[in-house]
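What follows is one structure encoded as structure tokens, with my remarks underneath.
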Amino acid sequence: MNIVLLQGSARKKGNTAKALNWVEEELISLGHGVESIYLNSKNLKGCMGCAKCKERPDEVGCVQKDDIPDILGKIVNAQAVVFASPLYFWGVTAQLKTVIDRTYSLYTNYHQPGHASLVEGQRQALLVTGGGPWENNAEAAFTAFGRIQKPHKAINAGQLFIGNCTTPGDMGEKVQHQALEFARKIVA
């Protein structure tokens, strides 16, 4: 299986990166092809809502000149995508949210006859790390993520929240085990 990992944290070696690294190592050990994309190093512009991308529904397109069309092309060619982010104000980071918003170009006719998606049937998963607990904290990010599978016509293949993170060094065997189980669930 071809799998794309979207690392949405600004910290290249933070909690999210450490957990995602465990996921990547497990997926590779299971024989899958994995590409990890560190979004903070990319030129990412927000969706303008102009709908020019809807004019050619059979391809990834956007009038903006940045790195997102290349990232979206990799997403379209993947059988699974892991969206990973620390929790920022009850949601994913701006870097990851920008990519998610631009997936608007991947589907047409949502809520209408002829609804089509370039990622139909794709397995999508969400990994979020946070300094606090789940309660009154992480629910909104997971609710929003669960809703994007409908326009994408994708499969929600897994969700993992790793709470009460302070530093990557504090993430022990229990968290590693959760990350490995999450990786196996994505490809099950």
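So you can find residues: chains in the structure tokens are A, B, ... in the order shown, residues in each start at 1, and ligands are numbered from 1 in order.
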
Inset, instruction - Skip Leu27 of chain A itself and residues of its chain fewer than 2 positions away, then list as a PyMOL selection string all residues within 10 Å of it, counting only C-alpha atoms. - result: chain A and resi 1-3+21-25+29-34+180+182-184+186-187

Legend entry - Non-local contacts of Gln7 of chain A (6 Å; only C-alpha atoms; under 2 positions in same chain excluded) as number ranges by chain: A: 9, 37-39, 84

Contacts between segment 76-83 of chain A and segment 5-30 of chain A, please, where a residue of segment 5-30 of chain A counts if it comes within 8 Å (with only C-alpha atoms); show its shortest atom pair and distance in Å to one decimal, rows by chain and ascending number, as CSV.
residue,atom,partner,partner_atom,distance
A:Leu5,CA,A:Val82,CA,4.8
A:Leu6,CA,A:Phe83,CA,5.0
A:Gln7,CA,A:Phe83,CA,6.8
A:Gly8,CA,A:Phe83,CA,7.4

Could you write out the selected residues, including N, CA and C atoms, as a short mmCIF file (atom, residue, chain, number, x, y, z; two decimals), in the first residue's frame?
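This went into part-v7.cif:
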data_model
loop_
_atom_site.label_atom_id
_atom_site.label_comp_id
_atom_site.auth_asym_id
_atom_site.auth_seq_id
_atom_site.Cartn_x
_atom_site.Cartn_y
_atom_site.Cartn_z
N LEU A 5 2.10 10.40 4.77
CA LEU A 5 1.99 10.94 6.12
C LEU A 5 2.15 12.46 6.03
N LEU A 6 1.17 13.20 6.51
CA LEU A 6 1.22 14.65 6.52
C LEU A 6 1.53 15.11 7.93
N GLN A 7 2.76 15.60 8.14
CA GLN A 7 3.21 16.04 9.46
C GLN A 7 2.92 17.53 9.57
N GLY A 8 1.88 17.87 10.33
CA GLY A 8 1.42 19.25 10.42
C GLY A 8 2.01 20.10 11.52
#

Legend entry - Minimum-distance residue to Phe142 of chain A, chosen among A:Val175, A:Val63, A:Ala19, A:Leu126 (using only C-alpha atoms):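 Checking each of A:Val175, A:Val63, A:Ala19, A:Leu126 against Phe142 of chain A, counting only C-alpha atoms, the winner is A:Leu126.
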
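Distance check against Leu118 of chain A using only C-alpha atoms: of A:Lys54, A:Thr93, A:Gly163, A:Arg147, the minimum falls on A:Lys54.
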
Legend entry - For Cys50 of chain A: contacts at 12 Å, only C-alpha atoms, fewer than 2 positions along chain excluded, given as an NGL selection string: :A and (46-48 or 52-55 or 61-64 or 102 or 104-105)

Can those selected residues be exported to a file as a PDB file, in the first residue's frame so that it contains C-alpha atoms?
ATOM      1  CA  GLY A  46      -5.033  29.094   1.993  1.00  0.00           C
ATOM      2  CA  CYS A  47      -7.990  28.221  -0.206  1.00  0.00           C
ATOM      3  CA  MET A  48      -9.490  31.311  -1.834  1.00  0.00           C
ATOM      4  CA  LYS A  52     -11.644  27.382 -10.338  1.00  0.00           C
ATOM      5  CA  CYS A  53     -10.513  23.885  -9.298  1.00  0.00           C
ATOM      6  CA  LYS A  54     -14.036  22.622 -10.008  1.00  0.00           C
ATOM      7  CA  GLU A  55     -13.715  23.456 -13.720  1.00  0.00           C
ATOM      8  CA  GLY A  61      -5.836  21.906 -10.071  1.00  0.00           C
ATOM      9  CA  CYS A  62      -5.636  25.313  -8.493  1.00  0.00           C
ATOM     10  CA  VAL A  63      -4.900  28.817  -9.723  1.00  0.00           C
ATOM     11  CA  GLN A  64      -2.466  29.366  -6.839  1.00  0.00           C
ATOM     12  CA  ARG A 102      -7.404  22.768  -0.375  1.00  0.00           C
ATOM     13  CA  TYR A 104     -11.841  21.008  -1.800  1.00  0.00           C
ATOM     14  CA  SER A 105     -10.365  20.577  -5.281  1.00  0.00           C
TER      15      SER A 105
END

Inset, instruction - List the neighbours of Cys165 of chain A out to 8 Å using only C-alpha atoms; skip same-chain residues closer than 6 positions along the sequence, and give me the result as a ChimeraX atom specification. - result: /A:15,129-132,171

Inset, instruction - Using DSSP on the backbone coordinates, identify the residues of segment 19-127 of chain A assigned to strand (DSSP E or B); present them as a VMD selection string. - result: chain A and resid 33 to 38 80 to 86 88 91 107 to 108 116 to 117 123 to 127

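Interatomic distance, atom CA of Ile162 of chain A against atom CA of Glu120 of chain A: 28.2 Å.
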
Inset, instruction - Calculate how many Å separate atom CA of Gln178 of chain A from atom CA of Thr103 of chain A, rounding to one decimal. - result: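 Distance between the two atoms: 28.1 Å.
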
Inset, instruction - Quick one: pick out all alpha helix (DSSP H) residues within chain A from a backbone DSSP run and write them as a count of residues only. - result: 61

Legend entry - Between atom CA of Asp58 of chain A and atom CA of Asp70 of chain A - distance in Å to one decimal: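 If I compute the distance from atom CA of Asp70 of chain A to atom CA of Asp58 of chain A, I get 15.4 Å.
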
Inset, instruction - Do a neighbour search on Phe89 of chain A at 12 Å with only C-alpha atoms, toss out local chain neighbours closer than 5 positions, and write the hits as number ranges by chain. - result: A: 94, 130-132, 136-141

Nearby residues (only C-alpha atoms) at most 12 Å from Arg11 of chain A, same-chain spacing under 6 positions excluded, as a PDB file with N, CA and C atoms, in the first residue's frame:
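Writing the result to result.pdb gives the following:
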ATOM      1  N   ALA A  17       5.848  14.576  15.761  1.00  0.00           N
ATOM      2  CA  ALA A  17       6.873  13.955  14.920  1.00  0.00           C
ATOM      3  C   ALA A  17       7.315  12.616  15.497  1.00  0.00           C
ATOM      4  N   LYS A  18       7.479  12.554  16.816  1.00  0.00           N
ATOM      5  CA  LYS A  18       7.919  11.299  17.429  1.00  0.00           C
ATOM      6  C   LYS A  18       6.863  10.209  17.250  1.00  0.00           C
ATOM      7  N   TYR A  38       6.716  16.931   5.558  1.00  0.00           N
ATOM      8  CA  TYR A  38       6.787  17.906   6.651  1.00  0.00           C
ATOM      9  C   TYR A  38       6.230  19.228   6.125  1.00  0.00           C
ATOM     10  N   LEU A  39       5.000  19.526   6.481  1.00  0.00           N
ATOM     11  CA  LEU A  39       4.278  20.652   5.890  1.00  0.00           C
ATOM     12  C   LEU A  39       4.860  22.012   6.245  1.00  0.00           C
ATOM     13  N   ASN A  40       5.497  22.149   7.400  1.00  0.00           N
ATOM     14  CA  ASN A  40       6.009  23.452   7.810  1.00  0.00           C
ATOM     15  C   ASN A  40       7.120  23.955   6.884  1.00  0.00           C
ATOM     16  N   SER A  41       7.748  23.063   6.137  1.00  0.00           N
ATOM     17  CA  SER A  41       8.808  23.480   5.221  1.00  0.00           C
ATOM     18  C   SER A  41       8.265  23.793   3.821  1.00  0.00           C
ATOM     19  N   SER A  85      -1.043  16.103  13.598  1.00  0.00           N
ATOM     20  CA  SER A  85      -0.918  17.480  14.064  1.00  0.00           C
ATOM     21  C   SER A  85      -0.944  17.532  15.579  1.00  0.00           C
ATOM     22  N   PRO A  86      -0.252  18.523  16.157  1.00  0.00           N
ATOM     23  CA  PRO A  86      -0.544  18.829  17.552  1.00  0.00           C
ATOM     24  C   PRO A  86      -1.883  19.572  17.607  1.00  0.00           C
ATOM     25  N   THR A  93      -3.234  22.223  13.274  1.00  0.00           N
ATOM     26  CA  THR A  93      -2.429  23.407  12.987  1.00  0.00           C
ATOM     27  C   THR A  93      -2.846  24.057  11.667  1.00  0.00           C
ATOM     28  N   GLN A  95      -0.950  24.726   9.218  1.00  0.00           N
ATOM     29  CA  GLN A  95      -0.312  24.035   8.099  1.00  0.00           C
ATOM     30  C   GLN A  95      -1.195  22.890   7.593  1.00  0.00           C
ATOM     31  N   THR A 167       6.865  16.659  26.591  1.00  0.00           N
ATOM     32  CA  THR A 167       8.043  16.641  25.723  1.00  0.00           C
ATOM     33  C   THR A 167       8.127  15.265  25.067  1.00  0.00           C
ATOM     34  N   PRO A 168       8.782  15.181  23.905  1.00  0.00           N
ATOM     35  CA  PRO A 168       8.910  13.882  23.251  1.00  0.00           C
ATOM     36  C   PRO A 168       9.580  12.840  24.152  1.00  0.00           C
TER      37      PRO A 168
END

Legend entry - Lys150 of chain A environment, 10 Å, only C-alpha atoms, sequence neighbours closer than 2 positions dropped, as a ChimeraX atom specification: /A:110-111,117,120,146-148,152-156
